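Participant: Input query-v8.cif, format and content: mmCIF, C-alpha atoms and all ligand atoms.
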```cif
data_my_file
loop_
_atom_site.label_atom_id
_atom_site.label_comp_id
_atom_site.auth_asym_id
_atom_site.auth_seq_id
_atom_site.Cartn_x
_atom_site.Cartn_y
_atom_site.Cartn_z
CA MET A 1 -6.65 -43.09 26.90
CA ASN A 2 -7.98 -43.40 30.44
CA GLN A 3 -7.07 -46.96 31.41
CA GLY A 4 -9.90 -47.95 33.72
CA PHE A 5 -9.67 -45.24 36.34
CA SER A 6 -11.65 -42.17 37.24
CA ILE A 7 -10.75 -38.93 38.99
CA ARG A 8 -13.08 -37.21 41.42
CA CYS A 9 -12.92 -34.80 44.35
CA PHE A 10 -11.91 -36.15 47.76
CA ARG A 11 -14.72 -36.85 50.24
CA ALA A 12 -14.35 -37.20 54.02
CA GLU A 13 -14.98 -40.96 53.80
CA ASP A 14 -11.85 -41.32 51.62
CA LEU A 15 -9.59 -40.19 54.47
CA ASP A 16 -8.50 -43.67 55.63
CA SER A 17 -7.66 -44.77 52.08
CA VAL A 18 -5.72 -41.61 51.33
CA MET A 19 -3.78 -41.79 54.60
CA SER A 20 -2.88 -45.43 54.01
CA ILE A 21 -1.73 -44.74 50.43
CA ASN A 22 0.41 -41.90 51.78
CA LEU A 23 1.96 -44.18 54.45
CA GLU A 24 2.66 -46.89 51.86
CA CYS A 25 4.20 -44.58 49.29
CA LEU A 26 5.98 -41.69 51.02
CA PRO A 27 8.07 -40.96 54.12
CA GLU A 28 6.35 -37.58 54.49
CA ASN A 29 3.22 -38.35 56.53
CA TYR A 30 0.60 -36.04 58.02
CA SER A 31 -1.99 -35.81 60.77
CA THR A 32 -5.72 -36.25 60.17
CA TYR A 33 -6.11 -32.55 60.84
CA PHE A 34 -3.65 -31.67 58.08
CA TYR A 35 -5.66 -33.59 55.46
CA ILE A 36 -9.03 -32.28 56.62
CA ASP A 37 -7.74 -28.72 56.70
CA LEU A 38 -6.54 -28.90 53.08
CA TYR A 39 -9.83 -30.52 52.07
CA ARG A 40 -11.86 -27.83 53.82
CA ARG A 41 -9.87 -24.94 52.32
CA PHE A 42 -9.09 -26.25 48.84
CA PRO A 43 -11.59 -29.02 48.00
CA LYS A 44 -11.24 -28.60 44.22
CA THR A 45 -7.55 -29.48 44.26
CA PHE A 46 -7.85 -32.45 46.63
CA LEU A 47 -8.60 -35.31 44.27
CA VAL A 48 -8.62 -39.09 44.31
CA ALA A 49 -8.28 -41.70 41.57
CA GLU A 50 -10.53 -44.75 41.73
CA VAL A 51 -10.09 -48.12 40.08
CA ASP A 52 -13.08 -50.44 40.44
CA ASP A 53 -14.56 -48.14 43.08
CA GLU A 54 -11.44 -48.23 45.23
CA VAL A 55 -9.21 -45.26 45.86
CA GLN A 56 -5.68 -45.99 44.58
CA GLY A 57 -4.19 -42.52 44.28
CA TYR A 58 -4.56 -38.94 45.51
CA ILE A 59 -3.29 -35.41 45.07
CA MET A 60 -3.64 -32.56 47.53
CA CYS A 61 -2.65 -28.93 47.04
CA ARG A 62 -2.56 -25.64 48.86
CA ILE A 63 -3.34 -22.35 47.13
CA GLU A 64 -0.87 -19.75 48.37
CA ARG A 65 -0.35 -16.06 47.80
CA GLY A 66 3.27 -15.52 46.95
CA PHE A 67 5.73 -14.74 44.25
CA SER A 68 6.28 -16.51 40.98
CA LYS A 69 9.05 -19.12 41.08
CA LEU A 70 9.71 -18.44 37.40
CA HIS A 71 9.48 -14.63 37.14
CA THR A 72 11.27 -12.66 39.86
CA PHE A 73 9.03 -10.41 41.98
CA ARG A 74 5.80 -11.21 40.14
CA PRO A 75 3.12 -11.61 42.84
CA MET A 76 0.48 -14.26 42.16
CA LYS A 77 -1.51 -17.13 43.55
CA LEU A 78 0.38 -20.40 43.43
CA CYS A 79 -0.97 -23.93 43.37
CA HIS A 80 1.43 -25.84 45.65
CA VAL A 81 1.25 -29.62 45.16
CA VAL A 82 1.69 -30.78 48.75
CA SER A 83 1.51 -34.52 48.06
CA ILE A 84 0.69 -36.96 45.28
CA ALA A 85 0.92 -40.74 45.30
CA VAL A 86 -0.41 -43.76 43.44
CA ARG A 87 -0.39 -47.30 44.88
CA LYS A 88 2.36 -49.39 43.31
CA PRO A 89 0.25 -51.94 41.35
CA PHE A 90 -1.60 -49.07 39.70
CA ARG A 91 1.37 -47.04 38.49
CA ARG A 92 2.38 -46.32 34.88
CA ARG A 93 -1.15 -46.10 33.56
CA GLY A 94 -1.46 -42.34 33.60
CA ILE A 95 -3.16 -41.89 36.98
CA ALA A 96 -0.69 -39.35 38.39
CA THR A 97 -0.73 -37.43 35.11
CA ALA A 98 -4.53 -37.23 35.22
CA LEU A 99 -4.49 -36.17 38.90
CA MET A 100 -1.94 -33.42 38.17
CA LEU A 101 -3.80 -32.12 35.12
CA GLU A 102 -7.16 -31.95 36.88
CA ALA A 103 -5.68 -30.34 40.02
CA MET A 104 -3.84 -27.75 37.89
CA ARG A 105 -6.97 -27.00 35.86
CA ASN A 106 -8.96 -26.47 39.05
CA GLY A 107 -6.12 -24.52 40.64
CA ARG A 108 -6.26 -22.16 37.73
CA TYR A 109 -9.97 -21.93 36.94
CA GLU A 110 -11.46 -22.37 40.44
CA TYR A 111 -8.83 -20.58 42.52
CA GLY A 112 -7.04 -18.29 40.06
CA ALA A 113 -3.56 -19.75 40.43
CA GLY A 114 -1.03 -18.52 37.86
CA GLU A 115 1.62 -21.11 38.54
CA CYS A 116 1.96 -24.60 39.96
CA TYR A 117 4.98 -25.61 42.04
CA LEU A 118 6.19 -28.44 44.23
CA GLU A 119 9.20 -29.89 46.03
CA VAL A 120 10.55 -33.31 45.08
CA ARG A 121 13.48 -35.36 46.41
CA VAL A 122 16.47 -35.04 44.08
CA SER A 123 16.63 -38.87 44.00
CA ASN A 124 12.95 -39.34 43.02
CA GLU A 125 13.42 -39.96 39.31
CA PRO A 126 9.94 -41.31 38.55
CA ALA A 127 8.32 -38.20 40.02
CA ILE A 128 10.81 -35.80 38.40
CA ARG A 129 10.11 -37.45 35.02
CA LEU A 130 6.38 -37.17 35.56
CA TYR A 131 6.68 -33.44 36.30
CA GLU A 132 9.09 -32.81 33.42
CA LYS A 133 6.73 -34.61 31.06
CA LEU A 134 4.02 -32.16 32.15
CA GLY A 135 6.38 -29.24 31.39
CA PHE A 136 7.67 -28.42 34.89
CA VAL A 137 11.21 -27.10 35.14
CA LYS A 138 13.63 -27.23 38.06
CA VAL A 139 13.89 -23.69 39.42
CA SER A 140 16.09 -24.15 42.50
CA ARG A 141 17.57 -26.68 44.86
CA ARG A 142 16.76 -26.61 48.60
CA ARG A 143 19.63 -28.01 50.62
CA GLY A 144 18.57 -30.45 53.35
CA TYR A 145 14.86 -29.84 52.78
CA TYR A 146 13.78 -33.29 53.98
CA LEU A 147 14.04 -34.59 57.55
CA ASP A 148 16.68 -37.15 56.54
CA GLY A 149 18.81 -34.39 55.02
CA GLU A 150 18.08 -35.02 51.33
CA ASP A 151 17.82 -32.00 49.03
CA ALA A 152 14.67 -31.03 47.15
CA TRP A 153 14.21 -29.64 43.69
CA ILE A 154 11.65 -26.89 43.49
CA MET A 155 9.86 -27.39 40.19
CA ALA A 156 7.33 -25.02 38.63
CA LEU A 157 4.99 -24.69 35.66
CA PRO A 158 3.02 -21.62 34.52
CA LEU A 159 -0.75 -22.23 34.43
CA GLU A 160 -1.30 -20.18 31.32
CA GLU A 161 -3.23 -20.96 28.21
CA GLY A 162 -1.20 -23.76 26.74
CA LYS A 163 -1.20 -27.25 25.37
CA ILE A 164 -2.29 -29.00 28.56
CA PHE A 165 -5.19 -26.69 29.31
N1 LIG B 201 10.41 -44.48 35.89
C1 LIG B 201 10.58 -43.57 34.91
N2 LIG B 201 9.61 -42.68 34.55
C2 LIG B 201 8.45 -42.72 35.23
C3 LIG B 201 8.21 -43.65 36.27
C4 LIG B 201 9.26 -44.56 36.59
N3 LIG B 201 9.12 -45.49 37.56
N4 LIG B 201 6.97 -43.43 36.75
C5 LIG B 201 6.44 -42.41 36.04
N5 LIG B 201 7.33 -41.98 35.11
C6 LIG B 201 7.16 -40.88 34.15
C7 LIG B 201 7.01 -41.45 32.76
O1 LIG B 201 7.49 -40.48 31.86
C8 LIG B 201 5.51 -41.60 32.65
O2 LIG B 201 5.06 -41.65 31.33
P1 LIG B 201 5.08 -43.07 30.52
O3 LIG B 201 4.45 -44.09 31.45
O4 LIG B 201 4.25 -42.76 29.33
O5 LIG B 201 6.51 -43.34 30.26
C9 LIG B 201 5.04 -40.35 33.32
O6 LIG B 201 5.94 -40.19 34.42
C10 LIG B 201 3.61 -40.38 33.81
O7 LIG B 201 3.41 -41.50 34.64
P2 LIG B 201 2.00 -41.82 35.34
O8 LIG B 201 1.56 -43.17 34.94
O9 LIG B 201 1.07 -40.69 35.13
O10 LIG B 201 2.47 -41.82 36.89
P3 LIG B 201 2.04 -42.86 38.02
O11 LIG B 201 0.54 -42.92 38.09
O12 LIG B 201 2.77 -44.11 37.86
O13 LIG B 201 2.53 -42.09 39.35
C11 LIG B 201 4.14 -41.30 40.94
C12 LIG B 201 3.80 -41.48 39.44
C13 LIG B 201 3.06 -40.48 41.62
C14 LIG B 201 5.47 -40.55 41.05
C15 LIG B 201 4.24 -42.72 41.58
O14 LIG B 201 5.40 -43.35 41.09
C16 LIG B 201 4.28 -42.71 43.10
O15 LIG B 201 3.25 -42.72 43.77
N6 LIG B 201 5.51 -42.69 43.65
C17 LIG B 201 5.69 -42.70 45.12
C18 LIG B 201 5.21 -41.41 45.75
C19 LIG B 201 5.94 -40.20 45.18
O16 LIG B 201 7.13 -40.24 44.92
N7 LIG B 201 5.19 -39.08 45.02
C20 LIG B 201 5.75 -37.82 44.55
C21 LIG B 201 6.48 -37.12 45.64
S1 LIG B 201 6.77 -35.38 45.31
C22 LIG B 201 5.28 -34.61 45.74
O17 LIG B 201 4.41 -35.26 46.27
C23 LIG B 201 5.10 -33.17 45.42
ZN ZN B 202 5.59 -28.62 49.45
#
```
Mind converting the file's structure to structure tokens?
Ligand code: ACO
Ligand code: ZN
Facilitator:
Amino acid sequence: MNQGFSIRCFRAEDLDSVMSINLECLPENYSTYFYIDLYRRFPKTFLVAEVDDEVQGYIMCRIERGFSKLHTFRPMKLCHVVSIAVRKPFRRRGIATALMLEAMRNGRYEYGAGECYLEVRVSNEPAIRLYEKLGFVKVSRRRGYYLDGEDAWIMALPLEEGKIF
């Protein structure tokens, strides 16, 4: 199943690789401090994917106290996927799926998150398909969420006992 890649936790020495993958793949970019802060606070949900000992993908999340996106007024911990990307030549071999599954497992079992959620550009079909394949549903649309004015879908998935866990 796993086509020549492995998933492991982020380490400080991966920072340059992760930041360059982010710059290559997404218009939403972050400071060094932002990455290190997420790593320090939520190390189990900051993961990288390696192919031949080189980092080619990452996921980073923030565990938040808040309210369920799926059940009104239900307070819970949420695993917020802040950013995920895989370098272009390494796409469509299941790397993002594996990163999401491991981050969600750790979000649930290490940090007690009851739900996973994220924002995604309404035009980002590959990512929306990835999330829908994992069982995420669109819960709301945020008008003008991105700096260039594009809308975001908020998508969410309960982290309950289920087929992917
Ligand atoms: N077109 C259609 N469906 C796609 C595509 C695509 N280009 N890419 C992925 N999918 C869907 C498919 O259903 C795929 O399953 P299949 O290959 O069996 O058909 C499924 O997603 C799983 O694909 P993976 O191989 O696990 O995903 P991949 O490793 O290629 O990474 C990702 C997907 C992360 C979206 C990648 O395309 C990428 O890095 N894009 C640029 C960055 C980005 O958009 N990140 C997400 C932003 S939103 C956020 O970060 C919260
Ligand atoms: Zn977000």
Participant: Could you tell me, counting all atoms listed in the file, which protein and nucleic acid residues lie no more than 10 Å from ligand ZN 202 (chain B), written as a PyMOL selection string?
Facilitator: chain A and resi 61-62+80-83+117-120+145+152+154
Participant: So that I have them on file, write out the residues from the current selection with C-alpha atoms, as an mmCIF file, in the frame of the given file.
Facilitator:
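Contents of result_3.cif, freshly written:
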```cif
data_model
loop_
_atom_site.group_PDB
_atom_site.id
_atom_site.type_symbol
_atom_site.label_atom_id
_atom_site.label_comp_id
_atom_site.auth_asym_id
_atom_site.auth_seq_id
_atom_site.Cartn_x
_atom_site.Cartn_y
_atom_site.Cartn_z
ATOM 1 C CA CYS A 61 -2.650 -28.930 47.040
ATOM 2 C CA ARG A 62 -2.560 -25.640 48.860
ATOM 3 C CA HIS A 80 1.430 -25.840 45.650
ATOM 4 C CA VAL A 81 1.250 -29.620 45.160
ATOM 5 C CA VAL A 82 1.690 -30.780 48.750
ATOM 6 C CA SER A 83 1.510 -34.520 48.060
ATOM 7 C CA TYR A 117 4.980 -25.610 42.040
ATOM 8 C CA LEU A 118 6.190 -28.440 44.230
ATOM 9 C CA GLU A 119 9.200 -29.890 46.030
ATOM 10 C CA VAL A 120 10.550 -33.310 45.080
ATOM 11 C CA TYR A 145 14.860 -29.840 52.780
ATOM 12 C CA ALA A 152 14.670 -31.030 47.150
ATOM 13 C CA ILE A 154 11.650 -26.890 43.490
#
```
Participant: Taking all atoms listed in the file into account, list the residues no farther than 7 Å from ligand LIG 201 (chain B), as a PyMOL selection string.
Facilitator: chain A and resi 25-26+81-88+90-98+118-121+124-127+129-130+133
Participant: Using all atoms listed in the file, which of A:Lys44, A:Glu115, A:Gly4, A:Asp52 sits nearest Pro75 of chain A?
Facilitator: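 The shortest atom-to-atom distance to Pro75 of chain A comes from A:Glu115.
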Participant: Edge lengths and centre in Å to one decimal, as lines of an AutoDock Vina configuration file, is what I'm after for the box along x, y and z that holds all listed atoms of segment 72-91 of chain A once 8 Å is added on each side.
Facilitator:
```
center_x = 4.8
center_y = -31.2
center_z = 43.6
size_x = 28.9
size_y = 57.5
size_z = 26.3
```
Participant: Counting all atoms listed in the file, which of A:Val122, A:Leu159, A:Trp153, A:Tyr131 gets nearest to Arg105 of chain A?
Facilitator: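 Ranking A:Val122, A:Leu159, A:Trp153, A:Tyr131 by distance to Arg105 of chain A, first place goes to A:Leu159.
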Participant: Which is closest to Glu64 of chain A among A:Tyr109, A:Gly144, A:Gly114, A:Val139, if we use all atoms listed in the file?
Facilitator: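 Among the listed residues, the smallest separation from Glu64 of chain A belongs to A:Gly114.
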Participant: Work out how far atom CA of Phe42 of chain A is from atom CA of Glu28 of chain A, in Å to one decimal.
Facilitator: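 Taking atom CA of Glu28 of chain A and atom CA of Phe42 of chain A, their separation equals 20.0 Å.
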Participant: Between atom CA of Tyr33 of chain A and atom CA of Phe136 of chain A, what is the distance, to one decimal in Å?
Facilitator: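 Here the two named atoms are 29.7 Å from each other.
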Participant: One decimal, in Å: what's the spacing between atom CA of Arg108 of chain A and atom CA of Leu157 of chain A?
Facilitator: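 Interatomic distance here is 11.7 Å.
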Participant: Pick out the closest residue to Lys77 of chain A from this set: A:Glu110, A:Ser140, A:Met19, A:Ile36. Count all atoms listed in the file.
Facilitator: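 For Lys77 of chain A, the nearest of the candidates is A:Glu110.
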